[in-house]
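Undergrad: Contents of upload.txt (compact mmCIF, C-alpha atoms) are below:
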```txt
# COMPACT_ATOMS: atom_id res chain seq x y z
CA MET A 392 0.00 0.00 0.00
CA THR A 393 1.20 3.52 -0.82
CA VAL A 394 -0.59 5.84 1.60
CA THR A 395 -1.26 9.31 0.24
CA GLY A 396 0.67 12.15 1.84
CA VAL A 397 -2.49 14.13 2.62
CA ASP A 398 -4.06 13.55 6.03
CA ILE A 399 -7.73 12.83 5.35
CA THR A 400 -9.85 14.31 8.14
CA GLU A 401 -13.41 15.49 8.67
CA ASP A 402 -12.23 19.10 8.32
CA LEU A 403 -10.56 18.33 4.99
CA ILE A 404 -13.66 16.69 3.58
CA ARG A 405 -15.88 19.57 4.69
CA ASP A 406 -13.50 22.02 3.02
CA LEU A 407 -13.62 20.00 -0.21
CA LEU A 408 -17.41 19.89 -0.12
CA ARG A 409 -17.66 23.64 0.54
CA GLU A 410 -15.37 24.32 -2.43
CA GLN A 411 -17.07 22.03 -4.97
CA HIS A 412 -20.43 20.83 -3.61
CA PRO A 413 -21.50 23.35 -0.95
CA ASP A 414 -25.07 22.06 -0.73
CA LEU A 415 -23.67 18.89 0.92
CA ALA A 416 -21.12 20.49 3.23
CA ASP A 417 -23.22 20.71 6.39
CA ARG A 418 -24.41 17.11 6.47
CA PRO A 419 -23.27 14.82 9.34
CA LEU A 420 -19.95 13.17 8.49
CA LYS A 421 -18.17 10.18 10.00
CA LEU A 422 -15.57 7.63 8.91
CA GLY A 423 -17.16 4.48 7.48
CA ALA A 424 -14.29 2.27 6.31
CA LEU A 425 -10.62 2.18 5.31
CA GLY A 426 -10.58 0.25 2.06
CA TRP A 427 -7.70 -1.06 0.00
CA ASP A 428 -7.80 1.96 -2.35
CA ASN A 429 -10.13 4.48 -0.70
CA GLN A 430 -11.37 5.87 2.56
CA VAL A 431 -15.17 5.92 2.80
CA TRP A 432 -16.91 8.55 4.93
CA ARG A 433 -20.64 8.45 5.53
CA LEU A 434 -22.33 11.72 4.56
CA GLY A 435 -25.73 12.06 6.16
CA ASP A 436 -28.05 9.06 6.01
CA ASP A 437 -27.94 8.29 2.30
CA LEU A 438 -24.58 9.40 0.85
CA ALA A 439 -20.89 8.62 1.19
CA VAL A 440 -17.62 10.33 0.24
CA ARG A 441 -14.85 8.15 -1.19
CA LEU A 442 -11.33 9.52 -1.30
CA PRO A 443 -8.23 7.68 -2.61
CA TRP A 444 -5.58 7.19 0.04
CA ALA A 445 -3.59 3.97 -0.33
CA THR A 446 -2.82 3.29 -4.02
CA GLN A 447 -1.90 5.44 -6.98
CA SER A 448 -4.30 3.49 -9.21
CA ALA A 449 -7.31 4.57 -7.13
CA ASP A 450 -7.72 7.83 -9.07
CA ALA A 451 -8.43 6.09 -12.38
CA LEU A 452 -10.67 3.53 -10.67
CA LEU A 453 -12.88 6.24 -9.17
CA ARG A 454 -13.20 8.00 -12.52
CA LYS A 455 -14.12 4.67 -14.13
CA GLU A 456 -16.89 4.12 -11.60
CA HIS A 457 -18.19 7.63 -12.18
CA THR A 458 -18.34 7.01 -15.92
CA TRP A 459 -19.87 3.54 -16.07
CA LEU A 460 -21.66 2.54 -12.86
CA PRO A 461 -24.62 4.96 -13.20
CA LEU A 462 -25.41 3.26 -16.52
CA LEU A 463 -25.42 -0.23 -14.98
CA ALA A 464 -26.93 0.40 -11.54
CA PRO A 465 -30.62 0.71 -12.52
CA ARG A 466 -30.81 -2.92 -13.63
CA LEU A 467 -29.01 -4.43 -10.63
CA PRO A 468 -31.20 -6.11 -7.97
CA LEU A 469 -28.83 -5.43 -5.04
CA GLN A 470 -27.92 -1.96 -3.80
CA VAL A 471 -24.68 -0.48 -5.15
CA PRO A 472 -22.86 2.83 -4.45
CA VAL A 473 -24.11 4.94 -7.36
CA PRO A 474 -21.86 7.96 -8.07
CA GLN A 475 -23.69 11.27 -7.58
CA ARG A 476 -20.92 13.90 -7.75
CA LEU A 477 -17.29 13.93 -8.91
CA GLY A 478 -14.77 15.94 -6.94
CA GLU A 479 -11.85 17.21 -9.03
CA PRO A 480 -8.23 17.54 -7.84
CA SER A 481 -7.47 20.86 -6.15
CA GLU A 482 -4.73 22.57 -4.18
CA ARG A 483 -6.35 21.27 -0.98
CA PHE A 484 -6.50 17.64 -2.21
CA PRO A 485 -4.65 16.78 -5.43
CA ARG A 486 -6.70 13.71 -6.36
CA PRO A 487 -10.26 13.07 -7.64
CA TRP A 488 -12.94 11.90 -5.19
CA LEU A 489 -16.55 10.77 -5.35
CA VAL A 490 -19.85 11.34 -3.61
CA THR A 491 -21.95 8.17 -3.96
CA THR A 492 -25.07 6.70 -2.47
CA TRP A 493 -24.54 4.91 0.84
CA VAL A 494 -25.13 1.14 0.83
CA PRO A 495 -26.21 -0.26 4.22
CA GLY A 496 -25.19 -3.72 5.40
CA GLU A 497 -22.30 -5.61 6.98
CA PRO A 498 -19.31 -6.84 4.95
CA ALA A 499 -19.51 -10.59 4.37
CA ASP A 500 -16.06 -11.18 5.85
CA ARG A 501 -17.46 -10.01 9.21
CA ALA A 502 -21.05 -11.20 8.77
CA PRO A 503 -21.06 -14.16 6.33
CA ALA A 504 -24.20 -15.29 4.54
CA THR A 505 -25.89 -18.04 6.55
CA ARG A 506 -29.06 -18.77 4.54
CA PRO A 507 -27.96 -20.94 1.59
CA ALA A 508 -31.07 -20.77 -0.58
CA GLU A 509 -31.60 -17.02 -0.19
CA ALA A 510 -27.91 -16.16 -0.61
CA ALA A 511 -27.54 -18.33 -3.71
CA ALA A 512 -30.62 -16.74 -5.29
CA ALA A 513 -29.48 -13.21 -4.45
CA LEU A 514 -25.99 -13.69 -5.86
CA ALA A 515 -27.31 -15.40 -9.00
CA ALA A 516 -29.84 -12.64 -9.62
CA PHE A 517 -27.16 -9.97 -9.25
CA LEU A 518 -24.70 -11.61 -11.64
CA THR A 519 -27.42 -12.52 -14.13
CA ALA A 520 -28.39 -8.84 -14.28
CA LEU A 521 -24.79 -7.58 -14.45
CA HIS A 522 -23.41 -10.09 -16.96
CA ARG A 523 -24.69 -8.45 -20.13
CA PRO A 524 -22.66 -7.71 -23.29
CA ALA A 525 -20.53 -4.60 -22.85
CA PRO A 526 -19.92 -1.91 -25.50
CA ASP A 527 -16.67 -1.70 -27.42
CA GLY A 528 -15.34 1.08 -25.19
CA ALA A 529 -15.80 -0.86 -21.95
CA PRO A 530 -12.66 -1.15 -19.78
CA THR A 531 -10.48 -4.24 -19.65
CA GLY A 532 -9.34 -6.02 -16.49
CA ARG A 533 -6.12 -4.99 -14.77
CA ASP A 534 -4.86 -8.48 -14.00
CA ARG A 535 -7.84 -10.76 -14.52
CA GLY A 536 -10.38 -11.78 -17.11
CA GLY A 537 -7.89 -13.07 -19.68
CA PRO A 538 -6.73 -16.68 -20.17
CA LEU A 539 -6.28 -18.34 -16.79
CA ALA A 540 -3.04 -19.92 -17.98
CA ASP A 541 -1.50 -16.42 -18.02
CA THR A 542 -1.64 -16.45 -14.21
CA ALA A 543 0.56 -19.57 -13.88
CA GLU A 544 3.54 -17.76 -12.34
CA HIS A 545 1.38 -15.78 -9.95
CA PHE A 546 -0.50 -18.93 -8.91
CA ALA A 547 2.73 -20.88 -8.31
CA GLN A 548 4.18 -18.12 -6.16
CA ALA A 549 1.01 -17.69 -4.11
CA LEU A 550 0.65 -21.44 -3.54
CA ALA A 551 4.30 -21.87 -2.58
CA SER A 552 4.16 -18.97 -0.13
CA ALA A 553 0.92 -20.20 1.46
CA THR A 554 2.35 -23.71 1.77
CA GLU A 555 5.59 -22.47 3.35
CA SER A 556 3.55 -20.43 5.83
CA GLY A 557 1.56 -23.51 6.86
CA LEU A 558 -1.69 -22.10 5.52
CA ILE A 559 -2.43 -25.05 3.17
CA ARG A 560 -2.29 -28.70 4.15
CA ASP A 561 -2.70 -30.25 0.70
CA PRO A 562 -1.08 -28.05 -1.96
CA ASP A 563 -1.34 -30.84 -4.54
CA ALA A 564 -5.13 -30.79 -4.31
CA VAL A 565 -5.19 -27.00 -4.74
CA ARG A 566 -2.81 -27.25 -7.70
CA ALA A 567 -5.04 -29.88 -9.31
CA VAL A 568 -8.04 -27.54 -9.22
CA TRP A 569 -6.09 -24.71 -10.83
CA GLU A 570 -4.50 -26.94 -13.49
CA ASP A 571 -7.89 -28.36 -14.45
CA ALA A 572 -9.24 -24.82 -14.73
CA ALA A 573 -6.28 -23.57 -16.79
CA ALA A 574 -6.79 -26.47 -19.23
CA ALA A 575 -10.46 -25.63 -19.82
CA PRO A 576 -11.51 -24.07 -23.15
CA GLU A 577 -11.31 -20.27 -23.13
CA TRP A 578 -14.38 -18.02 -23.17
CA ALA A 579 -15.65 -17.69 -26.74
CA GLY A 580 -18.68 -15.51 -26.03
CA PRO A 581 -19.06 -11.73 -26.01
CA ARG A 582 -17.26 -9.56 -23.46
CA LEU A 583 -19.66 -9.30 -20.52
CA TRP A 584 -19.76 -6.67 -17.79
CA LEU A 585 -18.05 -7.95 -14.62
CA HIS A 586 -17.62 -6.58 -11.12
CA GLY A 587 -14.13 -8.06 -11.09
CA ASP A 588 -13.46 -8.01 -7.33
CA LEU A 589 -16.13 -10.00 -5.52
CA HIS A 590 -14.29 -10.82 -2.30
CA PRO A 591 -16.07 -10.95 1.08
CA ALA A 592 -15.35 -7.33 2.05
CA ASN A 593 -17.03 -6.04 -1.14
CA VAL A 594 -20.35 -7.85 -0.64
CA LEU A 595 -22.73 -6.80 2.13
CA THR A 596 -25.18 -8.91 4.10
CA ARG A 597 -28.28 -8.44 6.20
CA ASN A 598 -30.30 -11.17 7.94
CA GLY A 599 -28.08 -13.95 6.60
CA THR A 600 -28.22 -13.07 2.90
CA PHE A 601 -26.71 -10.55 0.48
CA CYS A 602 -28.12 -7.03 0.34
CA GLY A 603 -25.47 -4.96 -1.47
CA VAL A 604 -22.28 -4.93 -3.53
CA ILE A 605 -19.67 -2.18 -3.24
CA ASP A 606 -16.36 -1.08 -4.79
CA PHE A 607 -16.73 -1.28 -8.55
CA GLY A 608 -13.22 0.03 -9.16
CA ASP A 609 -12.28 -3.16 -11.00
CA LEU A 610 -15.36 -3.04 -13.23
CA PHE A 611 -14.46 -4.42 -16.66
CA ALA A 612 -15.69 -6.56 -19.54
CA GLY A 613 -14.55 -10.12 -20.14
CA ASP A 614 -15.06 -13.78 -19.20
CA PRO A 615 -17.92 -14.28 -16.68
CA ALA A 616 -15.93 -17.06 -14.98
CA CYS A 617 -14.01 -14.35 -13.13
CA ASP A 618 -17.17 -13.26 -11.27
CA LEU A 619 -18.72 -16.73 -11.00
CA ALA A 620 -15.72 -17.65 -8.85
CA ALA A 621 -17.41 -15.69 -6.06
CA ALA A 622 -19.80 -18.56 -5.36
CA TRP A 623 -17.06 -20.59 -3.65
CA ILE A 624 -15.78 -17.57 -1.71
CA LEU A 625 -19.05 -16.03 -0.55
CA LEU A 626 -21.71 -18.69 -0.22
CA PRO A 627 -22.25 -21.00 2.76
CA ASP A 628 -21.91 -24.76 2.45
CA GLY A 629 -24.56 -26.38 0.33
CA ALA A 630 -25.30 -23.29 -1.77
CA VAL A 631 -22.92 -23.43 -4.75
CA ASP A 632 -25.00 -25.87 -6.81
CA ARG A 633 -28.14 -23.84 -6.07
CA PHE A 634 -26.34 -20.76 -7.31
CA HIS A 635 -25.36 -22.42 -10.59
CA GLU A 636 -28.92 -23.65 -11.12
CA ALA A 637 -30.28 -20.12 -10.57
CA CYS A 638 -27.84 -18.34 -12.93
CA ARG A 639 -29.15 -17.34 -16.35
CA PRO A 640 -27.90 -18.48 -18.70
CA SER A 641 -26.67 -21.57 -16.89
CA PRO A 642 -22.86 -21.64 -16.99
CA ASP A 643 -21.43 -24.42 -19.13
CA THR A 644 -18.87 -26.94 -17.87
CA ALA A 645 -15.85 -25.09 -19.26
CA THR A 646 -16.94 -21.83 -17.62
CA LEU A 647 -17.38 -23.54 -14.26
CA ARG A 648 -13.91 -25.10 -14.57
CA ARG A 649 -12.38 -21.67 -15.24
CA ALA A 650 -14.40 -20.19 -12.39
CA ARG A 651 -12.88 -22.70 -9.97
CA GLY A 652 -9.43 -21.56 -11.08
CA TRP A 653 -10.22 -17.89 -10.49
CA ALA A 654 -11.70 -18.87 -7.12
CA VAL A 655 -8.44 -20.60 -6.17
CA LEU A 656 -6.48 -17.45 -7.01
CA ARG A 657 -8.89 -15.30 -4.99
CA ALA A 658 -8.78 -17.69 -2.04
CA LEU A 659 -4.97 -17.72 -2.01
CA ALA A 660 -4.90 -13.92 -2.02
CA CYS A 661 -7.41 -13.82 0.85
CA LEU A 662 -5.35 -16.38 2.78
CA HIS A 663 -2.29 -14.14 2.64
CA ILE A 664 -4.23 -11.02 3.58
CA GLY A 665 -5.88 -12.90 6.46
CA ASP A 666 -2.54 -14.20 7.71
CA ALA A 667 -1.06 -10.71 7.55
CA GLY A 668 -3.95 -9.49 9.68
CA VAL A 669 -3.46 -12.23 12.27
CA HIS A 670 0.20 -11.21 12.61
CA GLY A 671 -0.43 -7.48 12.55
CA ARG A 672 1.29 -6.78 9.23
CA PRO A 673 0.29 -3.74 7.13
CA GLY A 674 -2.68 -4.32 4.86
CA GLY A 675 -3.76 -7.42 6.74
CA LYS A 676 -7.39 -8.30 7.50
CA PRO A 677 -7.79 -11.29 9.83
CA THR A 678 -11.44 -11.77 8.84
CA TRP A 679 -10.39 -12.73 5.29
CA GLY A 680 -8.77 -15.99 6.37
CA PRO A 681 -11.81 -18.10 7.36
CA PRO A 682 -13.76 -17.64 4.09
CA ALA A 683 -10.60 -18.40 2.12
CA HIS A 684 -10.02 -21.66 3.98
CA ALA A 685 -13.68 -22.63 3.49
CA ALA A 686 -13.44 -21.83 -0.23
CA LEU A 687 -10.38 -24.02 -0.76
CA ARG A 688 -12.07 -26.86 1.09
CA ARG A 689 -15.11 -26.61 -1.18
CA LEU A 690 -13.00 -26.21 -4.32
CA THR A 691 -10.82 -29.24 -3.74
CA ALA A 692 -13.92 -31.30 -2.95
CA SER A 693 -15.70 -30.06 -6.09
CA LEU A 694 -13.01 -31.42 -8.42
CA HIS A 695 -14.07 -34.96 -7.59
CA GLN A 696 -17.82 -34.48 -7.91
```
So that I can check it, write out the structure of this file as structure tokens.

TA:
Amino acid sequence: MTVTGVDITEDLIRDLLREQHPDLADRPLKLGALGWDNQVWRLGDDLAVRLPWATQSADALLRKEHTWLPLLAPRLPLQVPVPQRLGEPSERFPRPWLVTTWVPGEPADRAPATRPAEAAAALAAFLTALHRPAPDGAPTGRDRGGPLADTAEHFAQALASATESGLIRDPDAVRAVWEDAAAAPEWAGPRLWLHGDLHPANVLTRNGTFCGVIDFGDLFAGDPACDLAAAWILLPDGAVDRFHEACRPSPDTATLRRARGWAVLRALACLHIGDAGVHGRPGGKPTWGPPAHAALRRLTASLHQ
């Protein structure tokens, strides 16, 4: 993480609002979350301010959300943070920032889905609505959405590191899932809109099921397998098959094989972030470890079904 040199405070945000969006400047303001790319501050009951703070790439990601997400949001069945205002770089804060709608709920890494049927249906409905053909100008993925085989070096490094750290008991079983996925036929359909980053901290729950999806900074067009991987990461036991049955169109065998591979990569990343959190290292989130372990258990079992 590369933390921005500007100290983001309530006073700073109020100054920015007074300069560019004065009608919002007197609303109640409080810190909501420290994300990987952005800080999120709740603005009144129904809005939020998102400011980049920890990565240089966050600026472009916020502008991408501002451009594309308002076009997609009306058809999505779960709540999403719809951009309302764009804040431009200034002498006070030299980076763009967004005012979006506020999405209530608890992140799934802290409050996992517990109702299999309802959660599977909610996730399937969301991805069915999102996964529509994208226009020619739609963005491409930063490091995902292409051929899974292109991730071979990254996968090998992540697996070796997790094994050396004692986070994986059966690396051969994990490798078998990824190798089967990498050998599957590539996506031959149109480029579909994808969220691109459906890990447990970006999906919100209420009453045991999903109620919202946040952080569309990785929004891009490509192979739906990248998003379908979320089923193994997010859903409780016994829900993955229900999810696949509810998706429209039903994913074919090759797509499900690729999805398992992307799920392995996501689970390995979450394992490392969770372990870093347990040991107090920068960027760590201890709540990411349990869903990653559960996902790998489901994935290795699914290869033999």

Undergrad: Rounded to one decimal, what separation in Å do you get between CA of Pro465 in chain A and CA of Phe517 in chain A?

TA: 11.7 Å

Undergrad: Might you pull out every residue within 10 Å of Ile399 in chain A, with only C-alpha atoms counted and same-chain residues fewer than 6 positions away left off, and present them as a ChimeraX atom specification?

TA: /A:430,442-444,484

Undergrad: A:Asp643, A:Asn598, A:Asp402, A:Leu589: which is nearest Cys661 in chain A, counting all atoms listed in the file?

TA: A:Leu589

Undergrad: So how far away is CA of Arg649 in chain A from CA of Gly599 in chain A, in Å?

TA: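 Atom-to-atom, CA of Gly599 in chain A and CA of Arg649 in chain A are spaced 28.0 Å apart.
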
Undergrad: Quick one: of A:Val473, A:Leu656, A:Ile664, A:Leu694, who's nearest to Leu550 in chain A, counting all atoms listed in the file?

TA: A:Leu656

Undergrad: Just checking: using only C-alpha atoms, which residue out of A:Gln470, A:Thr644, A:Thr691, A:Thr491 ends up closest to Val565 in chain A?

TA: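 Among the listed residues, A:Thr691 lies closest to Val565 in chain A.
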
Undergrad: Could you tell me, as a ChimeraX atom specification, which residues have any atom at most 12 Å from (-12.1, -17.7, -5.4), counting only C-alpha atoms?

TA: /A:565,568-569,587-591,616-626,647-662,679,682-691

Undergrad: Take the residues just selected and output them with C-alpha atoms as a CSV table (one decimal), in the coordinates of the input.

TA:
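So again09.csv came out as:
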```
chain,number,residue,atom,x,y,z
A,565,VAL,CA,-5.2,-27.0,-4.7
A,568,VAL,CA,-8.0,-27.5,-9.2
A,569,TRP,CA,-6.1,-24.7,-10.8
A,587,GLY,CA,-14.1,-8.1,-11.1
A,588,ASP,CA,-13.5,-8.0,-7.3
A,589,LEU,CA,-16.1,-10.0,-5.5
A,590,HIS,CA,-14.3,-10.8,-2.3
A,591,PRO,CA,-16.1,-11.0,1.1
A,616,ALA,CA,-15.9,-17.1,-15.0
A,617,CYS,CA,-14.0,-14.4,-13.1
A,618,ASP,CA,-17.2,-13.3,-11.3
A,619,LEU,CA,-18.7,-16.7,-11.0
A,620,ALA,CA,-15.7,-17.6,-8.8
A,621,ALA,CA,-17.4,-15.7,-6.1
A,622,ALA,CA,-19.8,-18.6,-5.4
A,623,TRP,CA,-17.1,-20.6,-3.6
A,624,ILE,CA,-15.8,-17.6,-1.7
A,625,LEU,CA,-19.0,-16.0,-0.6
A,626,LEU,CA,-21.7,-18.7,-0.2
A,647,LEU,CA,-17.4,-23.5,-14.3
A,648,ARG,CA,-13.9,-25.1,-14.6
A,649,ARG,CA,-12.4,-21.7,-15.2
A,650,ALA,CA,-14.4,-20.2,-12.4
A,651,ARG,CA,-12.9,-22.7,-10.0
A,652,GLY,CA,-9.4,-21.6,-11.1
A,653,TRP,CA,-10.2,-17.9,-10.5
A,654,ALA,CA,-11.7,-18.9,-7.1
A,655,VAL,CA,-8.4,-20.6,-6.2
A,656,LEU,CA,-6.5,-17.4,-7.0
A,657,ARG,CA,-8.9,-15.3,-5.0
A,658,ALA,CA,-8.8,-17.7,-2.0
A,659,LEU,CA,-5.0,-17.7,-2.0
A,660,ALA,CA,-4.9,-13.9,-2.0
A,661,CYS,CA,-7.4,-13.8,0.8
A,662,LEU,CA,-5.4,-16.4,2.8
A,679,TRP,CA,-10.4,-12.7,5.3
A,682,PRO,CA,-13.8,-17.6,4.1
A,683,ALA,CA,-10.6,-18.4,2.1
A,684,HIS,CA,-10.0,-21.7,4.0
A,685,ALA,CA,-13.7,-22.6,3.5
A,686,ALA,CA,-13.4,-21.8,-0.2
A,687,LEU,CA,-10.4,-24.0,-0.8
A,688,ARG,CA,-12.1,-26.9,1.1
A,689,ARG,CA,-15.1,-26.6,-1.2
A,690,LEU,CA,-13.0,-26.2,-4.3
A,691,THR,CA,-10.8,-29.2,-3.7
```

Undergrad: One decimal, Å: what's the distance from CA of Pro487 in chain A over to CA of Asp417 in chain A, could you say?

TA: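 Distance between the two atoms: 20.6 Å.
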
Undergrad: Residues near Trp459 in chain A, anyone? I mean within 10 Å using all atoms listed in the file, not counting same-chain ones fewer than 3 positions away, as a compact mmCIF listing (two decimals) with C-alpha atoms, in the coordinates of the input.

TA:
```txt
# COMPACT_ATOMS: atom_id res chain seq x y z
CA ARG A 454 -13.20 8.00 -12.52
CA LYS A 455 -14.12 4.67 -14.13
CA GLU A 456 -16.89 4.12 -11.60
CA LEU A 462 -25.41 3.26 -16.52
CA LEU A 463 -25.42 -0.23 -14.98
CA ALA A 464 -26.93 0.40 -11.54
CA VAL A 473 -24.11 4.94 -7.36
CA PRO A 474 -21.86 7.96 -8.07
CA ALA A 529 -15.80 -0.86 -21.95
CA PRO A 530 -12.66 -1.15 -19.78
CA PHE A 607 -16.73 -1.28 -8.55
CA LEU A 610 -15.36 -3.04 -13.23
CA PHE A 611 -14.46 -4.42 -16.66
```

Undergrad: Residues near range 638-641 of chain A, anyone? I mean within 6 Å using only C-alpha atoms, not counting same-chain ones fewer than 2 positions away, as a list of chain:residue names.

TA: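 Listed by chain and then number, they are A:Ala515, A:Thr519, A:His635, A:Glu636.
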
Undergrad: Residues at most 8 Å from Lys676 in chain A, counting only C-alpha atoms, excluding those fewer than 3 positions away in the same chain, as a PyMOL selection string?

TA: chain A and resi 664-669+679-680

Undergrad: Would you list the residues near (-16.0, -17.4, -27.8), meaning any protein, DNA or RNA residue with an atom at most 12 Å from that point in file coordinates, counting all atoms listed in the file, as a ChimeraX atom specification?

TA: /A:576-583,613-615,645-646

Undergrad: Set the distance at 7 Å and use all atoms listed in the file: which residues neighbour Pro472 in chain A once local chain neighbours fewer than 6 positions away are removed? I'd like the list as an mmCIF file with C-alpha atoms, in the frame of the given file.

TA:
```cif
data_model
loop_
_atom_site.group_PDB
_atom_site.id
_atom_site.type_symbol
_atom_site.label_atom_id
_atom_site.label_comp_id
_atom_site.auth_asym_id
_atom_site.auth_seq_id
_atom_site.Cartn_x
_atom_site.Cartn_y
_atom_site.Cartn_z
ATOM 1 C CA THR A 491 -21.950 8.170 -3.960
ATOM 2 C CA THR A 492 -25.070 6.700 -2.470
ATOM 3 C CA TRP A 493 -24.540 4.910 0.840
ATOM 4 C CA VAL A 494 -25.130 1.140 0.830
ATOM 5 C CA ILE A 605 -19.670 -2.180 -3.240
#
```

Undergrad: Nearest to Trp584 in chain A: which of A:Asp534, A:Asp414, A:Asp436, A:Asp609 is it, counting all atoms listed in the file?

TA: A:Asp609

Undergrad: Of the residues A:Ala508, A:Leu585, A:Leu422, A:Ala445, which is the one nearest to Pro673 in chain A, using only C-alpha atoms?

TA: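 Closest to Pro673 in chain A of all the choices is A:Ala445.
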